[in-house]
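Containing mmCIF, C-alpha atoms: start_30.cif.
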```cif
data_target
#
loop_
_atom_site.label_atom_id
_atom_site.label_comp_id
_atom_site.auth_asym_id
_atom_site.auth_seq_id
_atom_site.Cartn_x
_atom_site.Cartn_y
_atom_site.Cartn_z
CA MET D 30 13.98 25.52 2.97
CA SER D 31 15.81 27.45 0.25
CA ASP D 32 18.97 25.41 0.84
CA VAL D 33 17.23 22.12 -0.05
CA PRO D 34 18.36 20.78 -3.46
CA GLY D 35 15.66 21.06 -6.09
CA VAL D 36 14.60 18.65 -8.82
CA THR D 37 13.54 19.71 -12.32
CA LEU D 38 11.87 18.14 -15.33
CA GLU D 39 15.27 18.06 -17.05
CA ASP D 40 16.64 16.06 -14.10
CA VAL D 41 13.84 13.54 -14.56
CA ARG D 42 14.44 13.31 -18.31
CA ARG D 43 18.14 12.67 -17.75
CA ALA D 44 17.18 9.99 -15.24
CA HIS D 45 14.99 8.40 -17.90
CA ASP D 46 17.99 8.14 -20.22
CA VAL D 47 20.01 6.36 -17.52
CA LEU D 48 17.18 4.00 -16.61
CA SER D 49 15.84 3.16 -20.07
CA SER D 50 17.72 -0.14 -20.28
CA VAL D 51 17.22 -1.06 -16.61
CA VAL D 52 13.60 -0.49 -15.59
CA THR D 53 10.42 -1.89 -17.09
CA ARG D 54 7.95 0.46 -18.75
CA THR D 55 5.05 -0.78 -16.68
CA PRO D 56 1.59 -1.08 -18.24
CA MET D 57 -1.46 1.15 -17.75
CA GLU D 58 -4.64 -0.88 -17.33
CA ALA D 59 -8.14 0.57 -17.74
CA SER D 60 -10.51 -0.22 -14.86
CA ARG D 61 -14.26 -0.32 -15.53
CA TRP D 62 -14.83 -1.30 -11.90
CA LEU D 63 -13.19 1.87 -10.58
CA ALA D 64 -14.67 4.02 -13.34
CA GLU D 65 -18.11 3.41 -11.83
CA ALA D 66 -16.94 4.80 -8.48
CA ALA D 67 -14.98 7.70 -9.97
CA GLY D 68 -17.66 8.78 -12.42
CA GLY D 69 -15.27 8.58 -15.37
CA PRO D 70 -12.33 6.63 -16.82
CA VAL D 71 -9.76 5.25 -14.38
CA TRP D 72 -6.39 3.76 -15.27
CA LEU D 73 -4.02 1.72 -13.11
CA LYS D 74 -0.27 2.35 -13.43
CA ALA D 75 1.01 -1.11 -12.55
CA GLU D 76 4.34 -0.48 -10.81
CA ASN D 77 3.65 -3.71 -8.92
CA LEU D 78 4.88 -5.34 -12.16
CA GLN D 79 8.15 -3.39 -12.08
CA ARG D 80 11.48 -5.18 -11.54
CA THR D 81 11.78 -6.12 -7.84
CA GLY D 82 8.01 -5.66 -7.56
CA SER D 83 7.91 -1.90 -6.98
CA PHE D 84 8.95 1.50 -8.33
CA LYS D 85 11.98 1.67 -6.01
CA ILE D 86 14.51 0.36 -8.54
CA ARG D 87 14.08 3.63 -10.46
CA GLY D 88 15.55 5.89 -7.80
CA ALA D 89 17.95 3.38 -6.29
CA TYR D 90 19.66 2.55 -9.58
CA LEU D 91 19.96 6.19 -10.63
CA ARG D 92 21.50 7.20 -7.31
CA MET D 93 24.01 4.33 -7.34
CA ALA D 94 24.88 4.62 -11.04
CA ARG D 95 26.16 8.13 -10.33
CA LEU D 96 28.54 7.12 -7.53
CA SER D 97 32.25 7.61 -8.12
CA ALA D 98 34.64 4.67 -8.32
CA GLU D 99 35.81 5.42 -4.78
CA GLU D 100 32.25 5.52 -3.45
CA ARG D 101 31.40 2.25 -5.17
CA ALA D 102 34.45 0.63 -3.62
CA ALA D 103 33.25 1.70 -0.15
CA GLY D 104 29.90 -0.03 -0.65
CA VAL D 105 26.41 1.23 0.06
CA VAL D 106 24.01 0.98 2.97
CA ALA D 107 20.23 1.46 3.03
CA ALA D 108 17.23 1.25 5.32
CA SER D 109 13.91 -0.16 4.17
CA ALA D 110 10.88 -2.26 5.07
CA GLY D 111 11.51 -4.16 1.88
CA ASN D 112 10.83 -2.43 -1.45
CA HIS D 113 13.72 0.05 -1.34
CA ALA D 114 15.83 -2.80 0.02
CA GLN D 115 15.18 -4.86 -3.08
CA GLY D 116 15.77 -1.90 -5.37
CA VAL D 117 19.13 -1.19 -3.74
CA ALA D 118 20.06 -4.88 -3.72
CA LEU D 119 19.31 -5.34 -7.43
CA ALA D 120 21.05 -2.09 -8.37
CA ALA D 121 24.09 -3.15 -6.35
CA GLN D 122 24.11 -6.51 -8.13
CA LEU D 123 23.91 -4.87 -11.56
CA LEU D 124 26.63 -2.33 -10.72
CA GLY D 125 28.95 -4.67 -8.81
CA ILE D 126 28.64 -2.85 -5.47
CA HIS D 127 28.47 -4.42 -2.00
CA ALA D 128 25.22 -3.53 -0.23
CA ARG D 129 24.10 -3.76 3.38
CA VAL D 130 20.42 -3.15 4.14
CA TYR D 131 18.90 -2.47 7.56
CA MET D 132 15.29 -3.63 7.87
CA PRO D 133 12.89 -3.09 10.79
CA GLU D 134 12.01 -6.10 12.91
CA GLY D 135 8.92 -7.74 11.49
CA ALA D 136 9.64 -6.74 7.88
CA PRO D 137 7.77 -9.07 5.51
CA ILE D 138 9.65 -12.34 5.06
CA PRO D 139 9.33 -12.42 1.23
CA LYS D 140 10.89 -8.95 1.03
CA GLU D 141 13.78 -9.99 3.26
CA LYS D 142 14.39 -13.18 1.27
CA ALA D 143 14.25 -11.33 -2.06
CA THR D 144 16.74 -8.74 -0.78
CA ARG D 145 19.16 -11.48 0.26
CA GLY D 146 18.49 -13.21 -3.06
CA TYR D 147 19.86 -10.20 -4.93
CA GLY D 148 23.07 -10.55 -2.92
CA ALA D 149 22.65 -7.86 -0.26
CA GLU D 150 23.52 -8.30 3.41
CA VAL D 151 20.45 -7.85 5.64
CA VAL D 152 20.52 -6.65 9.27
CA PHE D 153 17.42 -6.09 11.42
CA ALA D 154 17.20 -2.92 13.50
CA GLY D 155 14.29 -1.33 15.37
CA ARG D 156 10.54 -1.34 14.97
CA TYR D 157 10.08 1.18 12.14
CA VAL D 158 11.91 2.21 8.97
CA ASP D 159 13.00 5.35 10.83
CA ASP D 160 14.78 3.16 13.40
CA ALA D 161 16.49 1.19 10.64
CA LEU D 162 17.53 4.45 9.02
CA ILE D 163 19.30 5.54 12.21
CA ALA D 164 21.25 2.27 12.18
CA ALA D 165 22.10 2.75 8.49
CA ARG D 166 23.40 6.28 9.13
CA GLU D 167 25.59 5.00 11.97
CA HIS D 168 26.99 2.28 9.72
CA ALA D 169 27.73 4.84 7.00
CA GLU D 170 29.56 7.11 9.47
CA ARG D 171 31.48 4.18 10.92
CA THR D 172 32.58 2.52 7.67
CA GLY D 173 32.43 5.16 4.94
CA ALA D 174 29.70 3.30 3.05
CA VAL D 175 27.39 5.55 1.03
CA LEU D 176 23.88 5.88 2.44
CA ILE D 177 21.26 5.32 -0.27
CA HIS D 178 18.32 7.10 1.31
CA PRO D 179 14.90 5.68 0.43
CA PHE D 180 13.45 9.08 -0.52
CA ASP D 181 15.47 12.10 0.63
CA HIS D 182 17.90 12.73 -2.23
CA PRO D 183 17.50 14.55 -5.59
CA ASP D 184 18.58 11.48 -7.57
CA ILE D 185 16.00 9.33 -5.79
CA VAL D 186 13.24 11.84 -6.53
CA ALA D 187 14.35 12.24 -10.15
CA GLY D 188 14.48 8.48 -10.64
CA GLN D 189 10.98 7.97 -9.23
CA GLY D 190 9.80 10.83 -11.44
CA THR D 191 10.35 8.70 -14.53
CA CYS D 192 7.12 6.93 -13.56
CA GLY D 193 5.35 10.26 -14.08
CA LEU D 194 6.91 10.66 -17.53
CA GLU D 195 5.50 7.28 -18.48
CA VAL D 196 2.03 8.15 -17.19
CA LEU D 197 1.78 11.21 -19.43
CA GLU D 198 3.20 9.34 -22.41
CA GLN D 199 0.71 6.51 -21.93
CA LEU D 200 -2.28 8.71 -21.07
CA PRO D 201 -1.73 12.30 -22.32
CA GLU D 202 -5.28 13.26 -21.37
CA ALA D 203 -4.86 12.31 -17.67
CA ALA D 204 -6.68 14.77 -15.39
CA SER D 205 -5.62 13.49 -11.98
CA ILE D 206 -2.94 11.16 -10.63
CA LEU D 207 -3.18 9.54 -7.19
CA VAL D 208 0.11 8.41 -5.66
CA PRO D 209 0.86 6.22 -2.60
CA THR D 210 2.96 8.30 -0.23
CA GLY D 211 5.36 7.48 2.59
CA GLY D 212 8.47 9.64 2.71
CA GLY D 213 7.38 11.43 -0.45
CA GLY D 214 9.95 10.41 -3.07
CA LEU D 215 7.51 8.94 -5.58
CA LEU D 216 4.93 11.68 -5.05
CA ALA D 217 7.52 14.44 -5.46
CA GLY D 218 9.08 12.83 -8.54
CA ILE D 219 5.74 12.36 -10.28
CA ALA D 220 4.72 15.92 -9.40
CA VAL D 221 7.93 17.34 -10.92
CA ALA D 222 7.52 15.30 -14.12
CA VAL D 223 3.82 16.04 -14.53
CA LYS D 224 3.34 19.62 -13.35
CA ALA D 225 6.14 20.97 -15.56
CA GLN D 226 4.32 19.63 -18.61
CA ARG D 227 0.68 19.65 -17.51
CA PRO D 228 0.15 22.04 -14.59
CA ASP D 229 -3.60 21.42 -14.85
CA VAL D 230 -3.27 17.78 -13.81
CA ARG D 231 -4.35 17.24 -10.19
CA VAL D 232 -1.60 15.37 -8.32
CA VAL D 233 -2.76 13.80 -5.06
CA GLY D 234 -0.70 12.00 -2.43
CA VAL D 235 -2.41 9.24 -0.44
CA GLN D 236 -1.33 8.04 3.01
CA ALA D 237 -2.69 5.52 5.50
CA GLU D 238 -4.55 7.55 8.14
CA THR D 239 -2.74 5.72 10.96
CA ALA D 240 0.70 6.49 9.49
CA ALA D 241 0.35 9.93 7.93
CA ALA D 242 3.18 12.39 8.47
CA PHE D 243 2.48 14.69 5.53
CA PRO D 244 -0.77 16.39 6.63
CA GLY D 245 0.77 17.59 9.89
CA SER D 246 4.03 18.49 8.19
CA LEU D 247 2.28 20.58 5.54
CA SER D 248 0.32 22.37 8.25
CA ALA D 249 3.54 23.04 10.18
CA GLY D 250 5.41 24.16 7.07
CA ALA D 251 8.28 21.72 7.66
CA PRO D 252 8.83 17.93 7.91
CA THR D 253 7.39 16.91 11.26
CA ALA D 254 7.59 13.43 12.77
CA VAL D 255 4.59 11.47 14.02
CA ALA D 256 5.00 9.65 17.31
CA GLU D 257 3.20 6.38 16.52
CA MET D 258 2.27 4.42 13.44
CA ALA D 259 0.17 1.28 13.06
CA THR D 260 -0.85 0.23 9.56
CA MET D 261 -0.96 -2.81 7.35
CA ALA D 262 0.66 -0.62 4.66
CA ASP D 263 4.24 -1.12 5.85
CA GLY D 264 5.67 0.21 2.59
CA ILE D 265 4.46 3.74 3.36
CA ALA D 266 4.84 3.66 7.16
CA VAL D 267 7.34 6.52 7.32
CA GLY D 268 7.36 8.73 10.41
CA CYS D 269 8.74 11.90 8.84
CA PRO D 270 8.88 13.22 5.24
CA GLY D 271 12.22 13.92 3.62
CA GLN D 272 13.44 17.48 3.15
CA VAL D 273 13.93 17.11 -0.62
CA PRO D 274 10.53 15.61 -1.44
CA PHE D 275 8.75 17.86 1.08
CA ALA D 276 10.01 20.97 -0.71
CA VAL D 277 8.42 19.68 -3.91
CA VAL D 278 5.21 18.40 -2.34
CA ARG D 279 4.38 21.67 -0.55
CA THR D 280 4.61 23.67 -3.80
CA GLN D 281 3.58 21.26 -6.57
CA VAL D 282 1.19 18.69 -5.09
CA ASP D 283 -2.47 19.66 -4.95
CA GLU D 284 -3.48 17.59 -1.94
CA VAL D 285 -2.37 14.85 0.45
CA LEU D 286 -5.22 12.83 1.93
CA THR D 287 -5.56 9.71 4.06
CA VAL D 288 -7.49 6.45 3.78
CA SER D 289 -8.66 3.94 6.37
CA GLU D 290 -7.31 0.44 7.00
CA GLU D 291 -10.69 -0.95 5.93
CA GLY D 292 -10.48 1.02 2.71
CA ILE D 293 -7.01 -0.33 1.99
CA SER D 294 -8.09 -3.94 2.48
CA ARG D 295 -11.20 -3.41 0.30
CA ALA D 296 -9.00 -1.94 -2.43
CA LEU D 297 -6.57 -4.84 -2.22
CA VAL D 298 -9.37 -7.40 -2.59
CA GLY D 299 -10.94 -5.43 -5.42
CA LEU D 300 -7.67 -5.32 -7.33
CA MET D 301 -7.34 -9.08 -7.02
CA GLU D 302 -10.93 -9.84 -7.96
CA ARG D 303 -11.60 -7.25 -10.62
CA ALA D 304 -8.20 -6.32 -12.06
CA LYS D 305 -6.44 -9.67 -11.46
CA LEU D 306 -3.51 -7.78 -9.93
CA VAL D 307 -1.61 -8.72 -6.78
CA VAL D 308 -0.81 -5.51 -4.91
CA GLU D 309 0.59 -4.94 -1.43
CA PRO D 310 -1.38 -2.77 1.03
CA ALA D 311 0.82 0.30 0.47
CA GLY D 312 0.40 -0.10 -3.28
CA ALA D 313 -3.39 -0.14 -2.99
CA VAL D 314 -3.94 3.17 -1.15
CA ALA D 315 -4.56 5.20 -4.32
CA VAL D 316 -7.37 2.82 -5.24
CA ALA D 317 -8.68 3.07 -1.67
CA ALA D 318 -8.87 6.85 -2.12
CA LEU D 319 -10.97 6.45 -5.29
CA LEU D 320 -13.36 4.15 -3.41
CA GLU D 321 -13.57 6.24 -0.24
CA HIS D 322 -13.98 9.54 -2.11
CA PRO D 323 -16.17 8.66 -5.12
CA GLY D 324 -16.58 11.32 -7.78
CA VAL D 325 -14.05 13.70 -6.19
CA PHE D 326 -11.14 13.38 -8.59
CA PRO D 327 -11.15 14.69 -12.17
CA THR D 328 -11.14 11.97 -14.79
CA PRO D 329 -9.44 10.33 -16.56
CA ALA D 330 -7.83 9.47 -13.23
CA VAL D 331 -4.68 7.40 -12.74
CA ALA D 332 -4.08 5.34 -9.60
CA VAL D 333 -0.44 4.36 -9.18
CA LEU D 334 -0.04 0.82 -7.82
CA SER D 335 3.35 1.36 -6.23
CA GLY D 336 4.22 -2.21 -5.26
CA GLY D 337 3.17 -5.84 -5.22
CA ASN D 338 5.48 -7.43 -2.65
CA ILE D 339 3.07 -9.04 -0.21
CA ASP D 340 3.48 -12.03 2.09
CA PRO D 341 1.11 -14.84 0.96
CA LEU D 342 -0.01 -15.29 4.58
CA LEU D 343 -0.82 -11.59 4.81
CA THR D 344 -2.70 -11.88 1.53
CA GLY D 345 -5.08 -14.37 3.10
CA ARG D 346 -5.70 -12.12 6.09
CA MET D 347 -6.19 -9.10 3.84
CA ILE D 348 -8.74 -10.95 1.73
CA ARG D 349 -10.77 -11.82 4.81
CA HIS D 350 -10.44 -8.29 6.21
CA GLY D 351 -11.35 -6.71 2.90
CA MET D 352 -14.40 -8.90 2.38
CA ALA D 353 -15.59 -8.10 5.90
CA ALA D 354 -15.11 -4.38 5.25
CA ALA D 355 -17.13 -4.73 2.04
CA GLY D 356 -19.99 -6.42 3.91
CA ARG D 357 -19.35 -9.80 2.34
CA TYR D 358 -18.46 -11.55 5.60
CA LEU D 359 -20.79 -11.53 8.60
CA PHE D 360 -19.71 -12.62 12.06
CA LEU D 361 -22.88 -13.50 13.97
CA ARG D 362 -23.83 -14.71 17.41
CA VAL D 363 -27.22 -16.42 17.26
CA THR D 364 -29.07 -17.88 20.26
CA VAL D 365 -30.79 -21.22 19.58
CA VAL D 366 -32.54 -23.85 21.66
CA ASP D 367 -30.07 -26.47 22.90
CA SER D 368 -31.90 -29.49 21.53
CA PRO D 369 -31.41 -31.95 18.66
CA GLY D 370 -31.98 -30.22 15.35
CA GLY D 371 -31.58 -26.68 16.68
CA LEU D 372 -28.34 -25.99 14.85
CA ALA D 373 -29.52 -27.82 11.74
CA GLN D 374 -32.60 -25.60 11.56
CA LEU D 375 -30.45 -22.44 11.79
CA LEU D 376 -28.12 -23.71 9.05
CA ALA D 377 -31.09 -24.51 6.85
CA GLU D 378 -32.42 -20.96 7.32
CA LEU D 379 -29.05 -19.52 6.34
CA ALA D 380 -28.88 -21.76 3.27
CA ALA D 381 -32.38 -20.74 2.24
CA ALA D 382 -31.29 -17.09 2.47
CA GLY D 383 -28.36 -17.78 0.12
CA ALA D 384 -25.61 -17.36 2.75
CA ASN D 385 -22.51 -19.57 2.69
CA VAL D 386 -21.47 -20.81 6.14
CA LEU D 387 -17.70 -20.68 6.66
CA ASP D 388 -17.26 -21.46 10.36
CA VAL D 389 -19.39 -22.52 13.35
CA ALA D 390 -18.67 -22.68 17.09
CA HIS D 391 -20.87 -23.27 20.17
CA GLU D 392 -20.88 -21.42 23.49
CA ARG D 393 -22.99 -23.02 26.22
CA ILE D 394 -21.74 -21.22 29.34
CA SER D 395 -22.75 -17.56 29.57
CA PRO D 396 -24.73 -15.51 32.13
CA THR D 397 -26.89 -14.21 29.25
CA LEU D 398 -28.09 -17.69 28.26
CA HIS D 399 -30.88 -19.77 29.74
CA VAL D 400 -30.12 -23.34 30.75
CA ASP D 401 -31.76 -24.70 27.58
CA GLU D 402 -30.02 -22.29 25.22
CA VAL D 403 -26.76 -22.24 23.31
CA GLN D 404 -25.12 -19.37 21.49
CA VAL D 405 -23.81 -20.22 18.02
CA ARG D 406 -20.89 -18.12 16.76
CA ILE D 407 -21.10 -18.34 13.02
CA GLN D 408 -19.20 -16.79 10.10
CA VAL D 409 -21.06 -16.51 6.82
CA GLU D 410 -20.26 -15.18 3.36
CA THR D 411 -22.81 -12.96 1.65
CA ARG D 412 -23.07 -11.28 -1.74
CA GLY D 413 -22.62 -7.81 -0.26
CA PRO D 414 -24.12 -5.26 2.17
CA VAL D 415 -27.66 -5.45 0.76
CA HIS D 416 -27.72 -9.24 1.00
CA ALA D 417 -26.21 -9.10 4.51
CA GLU D 418 -28.92 -6.71 5.73
CA ALA D 419 -31.63 -8.90 4.17
CA LEU D 420 -30.18 -11.96 5.91
CA LEU D 421 -30.18 -10.23 9.31
CA ALA D 422 -33.73 -9.01 8.80
CA ARG D 423 -34.89 -12.52 7.87
CA LEU D 424 -33.33 -14.08 10.96
CA ARG D 425 -34.84 -11.45 13.27
CA GLU D 426 -38.28 -11.76 11.66
CA GLN D 427 -38.13 -15.44 12.57
CA GLY D 428 -37.60 -14.49 16.20
CA ARG D 429 -33.87 -15.17 16.32
CA ARG D 430 -31.71 -13.25 18.83
CA VAL D 431 -28.82 -12.11 16.63
CA VAL D 432 -25.78 -10.04 17.51
CA VAL D 433 -23.36 -8.92 14.80
CA GLY D 434 -19.64 -9.08 15.56
#
```

Written form, structure tokens:
Amino acid sequence: MSDVPGVTLEDVRRAHDVLSSVVTRTPMEASRWLAEAAGGPVWLKAENLQRTGSFKIRGAYLRMARLSAEERAAGVVAASAGNHAQGVALAAQLLGIHARVYMPEGAPIPKEKATRGYGAEVVFAGRYVDDALIAAREHAERTGAVLIHPFDHPDIVAGQGTCGLEVLEQLPEAASILVPTGGGGLLAGIAVAVKAQRPDVRVVGVQAETAAAFPGSLSAGAPTAVAEMATMADGIAVGCPGQVPFAVVRTQVDEVLTVSEEGISRALVGLMERAKLVVEPAGAVAVAALLEHPGVFPTPAVAVLSGGNIDPLLTGRMIRHGMAAAGRYLFLRVTVVDSPGGLAQLLAELAAAGANVLDVAHERISPTLHVDEVQVRIQVETRGPVHAEALLARLREQGRRVVVG
């Protein structure tokens, strides 16, 4: 991979000069909640509060600001599930360039609307970002528009690296930095900015385990595509790493690990409840890693929250999913006698145990039930796993037939 363009600390510093009047210097928030899990101080780099709601404006603007007059006149084209789309759209608006963005079918509606709101043309193509990228390349070849790749270009990597410069300026004593990772642009940029100044800092990429191309690629020694992806973290659902970021990641990143869907939803809920921050699933994976691997990362640790563009409807589903994963929702099937007062007695027992009933449904026809029995499907809210186990034990001690799930 010796022919792949490299990115240096000086490249990142020059990018910072270009972006200083465009991007927001996002805050670093201390997290006592996560410090308990990590065994030391944890800070949140809130790129969800960046312009357009994610870090993507950094790389997109830098890449487009360096286009020639002829290239600007030809327009730009991009492919994105939403965050890069918004970064390109805003950069195009600021620079007076026409932009077309290809988005995969099913891209979050708020991201599509925001992209159009910045003045870009939006076209849907394919199921994944990789499919949209094929369509964008074809458009570029057909029309002469400049492809603004979401991660595979030195300017994109250098632009994203300015986030790493800010992290070290805001927390010089940082010992580890955890970075959400899709195609690798943000991870590579932060690694370049950090390792050149503090080679002792542990830089860790985090992917969703059901959409993780980097582990296999690193094992193979070259970017290698995964066949299938299925994750709530659409912002990092990238099937194959880019050549430019991969060259950096394989030499300068200490580790790339994966987290579960349950861990992502728990992290998202925790960020809302404890940090009062709205973060999209992709933006929460670094926090998920801290929760799923407690005490593993040197502290002070920094978790980069890469984006906050989440559909309100998805937010509701994620809250329910995250609370269930944290043991705060129980879905029970309880057999009771089908007689007046049977359900009321069960509800009274749940209330006495401190559980909050959210939903109730009856099932009377089942080969596992006697004629005088009914199965109650009930959803309850608990205070956590310990309370949930105590509730189940109490019901079973009273002779109840209880099935969880």

Using all atoms listed in the file, find the one residue out of D:Gly88, D:Pro228, D:Pro183, D:Gly413 that sits nearest to Leu197 in chain D.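 Of all the options, D:Pro228 lies closest to Leu197 in chain D.
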
Taking the file as I've supplied it (selection: the PyMOL selection byres ((chain D and resi 132) around 9)), which residues are included? Please answer as a list in words.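 With the PyMOL selection byres ((chain D and resi 132) around 9) on this model, the match is Ala107, Ala108, Ser109, Ala110, Gly111, Ala114, Val130, Tyr131, Pro133, Glu134, Gly135, Ala136, Glu141, Val151, Val152, Phe153, Ala154, Gly155, Arg156, Tyr157, Val158, Asp160, Ala161 and Leu162 of chain D.
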
The PyMOL selection byres ((chain D and resi 59-62) around 9) - which residues does that actually catch in the file I just gave you? List them as a list in words.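 Written out, the selection comes to Met57, Glu58, Leu63, Ala64, Glu65, Ala66, Gly69, Pro70, Val71, Trp72, Leu73, Gly299, Arg303 and Ala304 of chain D.
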
Could you spell out the hits of the PyMOL selection byres ((chain D and resi 332) around 8) on the shown file, as a list in words?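 In the shown coordinates, the PyMOL selection byres ((chain D and resi 332) around 8) covers Val71, Trp72, Leu73, Lys74, Ile206, Leu207, Val208, Ala315, Val316, Ala330, Val331, Val333 and Leu334 of chain D.
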
Could you state the separation of CA of Tyr147 in chain D and CA of Ala313 in chain D in Å, given to one decimal place? 25.4 Å

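The point (-22.7, -15.6, 13.1) has these residues within 10 Å of it when only C-alpha atoms are used: Tyr358, Leu359, Phe360, Leu361, Arg362, Val363, Thr364, Val386, Leu387, Asp388, Val389, Ala390, Gln404, Val405, Arg406, Ile407, Gln408, Val409, Leu421, Val431, Val432, Val433 and Gly434 of chain D.
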
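Here the question is which of D:Glu76, D:Glu150, D:Glu257, D:Glu378 gets nearest to Gly193 in chain D using all atoms listed in the file, and that residue is D:Glu76.
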
Between CA of Leu123 in chain D and CA of Gly148 in chain D, what is the distance, to one decimal in Å?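 CA of Gly148 in chain D lies at a distance of 10.4 Å from CA of Leu123 in chain D.
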
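The gap separating CA of Ala237 in chain D from CA of His322 in chain D is 14.2 Å, in Å to one decimal.
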
Repaired coordinates for range 37-53 of chain D (N, CA and C atoms) as a PDB file, keeping the file's coordinate frame:
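Saved the output as out_4.pdb:
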```pdb
ATOM      1  N   THR D  37      14.232  19.119 -11.175  1.00  0.00           N
ATOM      2  CA  THR D  37      13.540  19.710 -12.320  1.00  0.00           C
ATOM      3  C   THR D  37      13.111  18.639 -13.315  1.00  0.00           C
ATOM      4  N   LEU D  38      12.282  19.047 -14.260  1.00  0.00           N
ATOM      5  CA  LEU D  38      11.870  18.140 -15.330  1.00  0.00           C
ATOM      6  C   LEU D  38      13.082  17.635 -16.101  1.00  0.00           C
ATOM      7  N   GLU D  39      14.070  18.496 -16.333  1.00  0.00           N
ATOM      8  CA  GLU D  39      15.270  18.060 -17.050  1.00  0.00           C
ATOM      9  C   GLU D  39      16.005  16.989 -16.267  1.00  0.00           C
ATOM     10  N   ASP D  40      16.020  17.101 -14.936  1.00  0.00           N
ATOM     11  CA  ASP D  40      16.640  16.060 -14.100  1.00  0.00           C
ATOM     12  C   ASP D  40      15.926  14.727 -14.315  1.00  0.00           C
ATOM     13  N   VAL D  41      14.613  14.773 -14.371  1.00  0.00           N
ATOM     14  CA  VAL D  41      13.840  13.540 -14.560  1.00  0.00           C
ATOM     15  C   VAL D  41      14.088  12.966 -15.946  1.00  0.00           C
ATOM     16  N   ARG D  42      14.179  13.815 -16.949  1.00  0.00           N
ATOM     17  CA  ARG D  42      14.440  13.310 -18.310  1.00  0.00           C
ATOM     18  C   ARG D  42      15.827  12.690 -18.416  1.00  0.00           C
ATOM     19  N   ARG D  43      16.809  13.284 -17.753  1.00  0.00           N
ATOM     20  CA  ARG D  43      18.140  12.670 -17.750  1.00  0.00           C
ATOM     21  C   ARG D  43      18.111  11.327 -17.018  1.00  0.00           C
ATOM     22  N   ALA D  44      17.331  11.261 -15.956  1.00  0.00           N
ATOM     23  CA  ALA D  44      17.180   9.990 -15.240  1.00  0.00           C
ATOM     24  C   ALA D  44      16.580   8.934 -16.150  1.00  0.00           C
ATOM     25  N   HIS D  45      15.611   9.340 -16.954  1.00  0.00           N
ATOM     26  CA  HIS D  45      14.990   8.400 -17.900  1.00  0.00           C
ATOM     27  C   HIS D  45      16.031   7.817 -18.856  1.00  0.00           C
ATOM     28  N   ASP D  46      16.954   8.636 -19.315  1.00  0.00           N
ATOM     29  CA  ASP D  46      17.990   8.140 -20.220  1.00  0.00           C
ATOM     30  C   ASP D  46      18.857   7.094 -19.541  1.00  0.00           C
ATOM     31  N   VAL D  47      19.181   7.317 -18.268  1.00  0.00           N
ATOM     32  CA  VAL D  47      20.010   6.360 -17.520  1.00  0.00           C
ATOM     33  C   VAL D  47      19.255   5.057 -17.300  1.00  0.00           C
ATOM     34  N   LEU D  48      17.963   5.158 -17.027  1.00  0.00           N
ATOM     35  CA  LEU D  48      17.180   4.000 -16.610  1.00  0.00           C
ATOM     36  C   LEU D  48      16.528   3.233 -17.757  1.00  0.00           C
ATOM     37  N   SER D  49      16.613   3.738 -18.958  1.00  0.00           N
ATOM     38  CA  SER D  49      15.840   3.160 -20.070  1.00  0.00           C
ATOM     39  C   SER D  49      16.148   1.692 -20.313  1.00  0.00           C
ATOM     40  N   SER D  50      17.371   1.267 -20.050  1.00  0.00           N
ATOM     41  CA  SER D  50      17.720  -0.140 -20.280  1.00  0.00           C
ATOM     42  C   SER D  50      17.648  -0.975 -19.009  1.00  0.00           C
ATOM     43  N   VAL D  51      17.216  -0.362 -17.899  1.00  0.00           N
ATOM     44  CA  VAL D  51      17.220  -1.060 -16.610  1.00  0.00           C
ATOM     45  C   VAL D  51      15.802  -1.340 -16.117  1.00  0.00           C
ATOM     46  N   VAL D  52      14.938  -0.323 -16.137  1.00  0.00           N
ATOM     47  CA  VAL D  52      13.600  -0.490 -15.590  1.00  0.00           C
ATOM     48  C   VAL D  52      12.620  -0.946 -16.663  1.00  0.00           C
ATOM     49  N   THR D  53      11.503  -1.481 -16.204  1.00  0.00           N
ATOM     50  CA  THR D  53      10.420  -1.890 -17.090  1.00  0.00           C
ATOM     51  C   THR D  53       9.443  -0.730 -17.277  1.00  0.00           C
TER      52      THR D  53
END
```
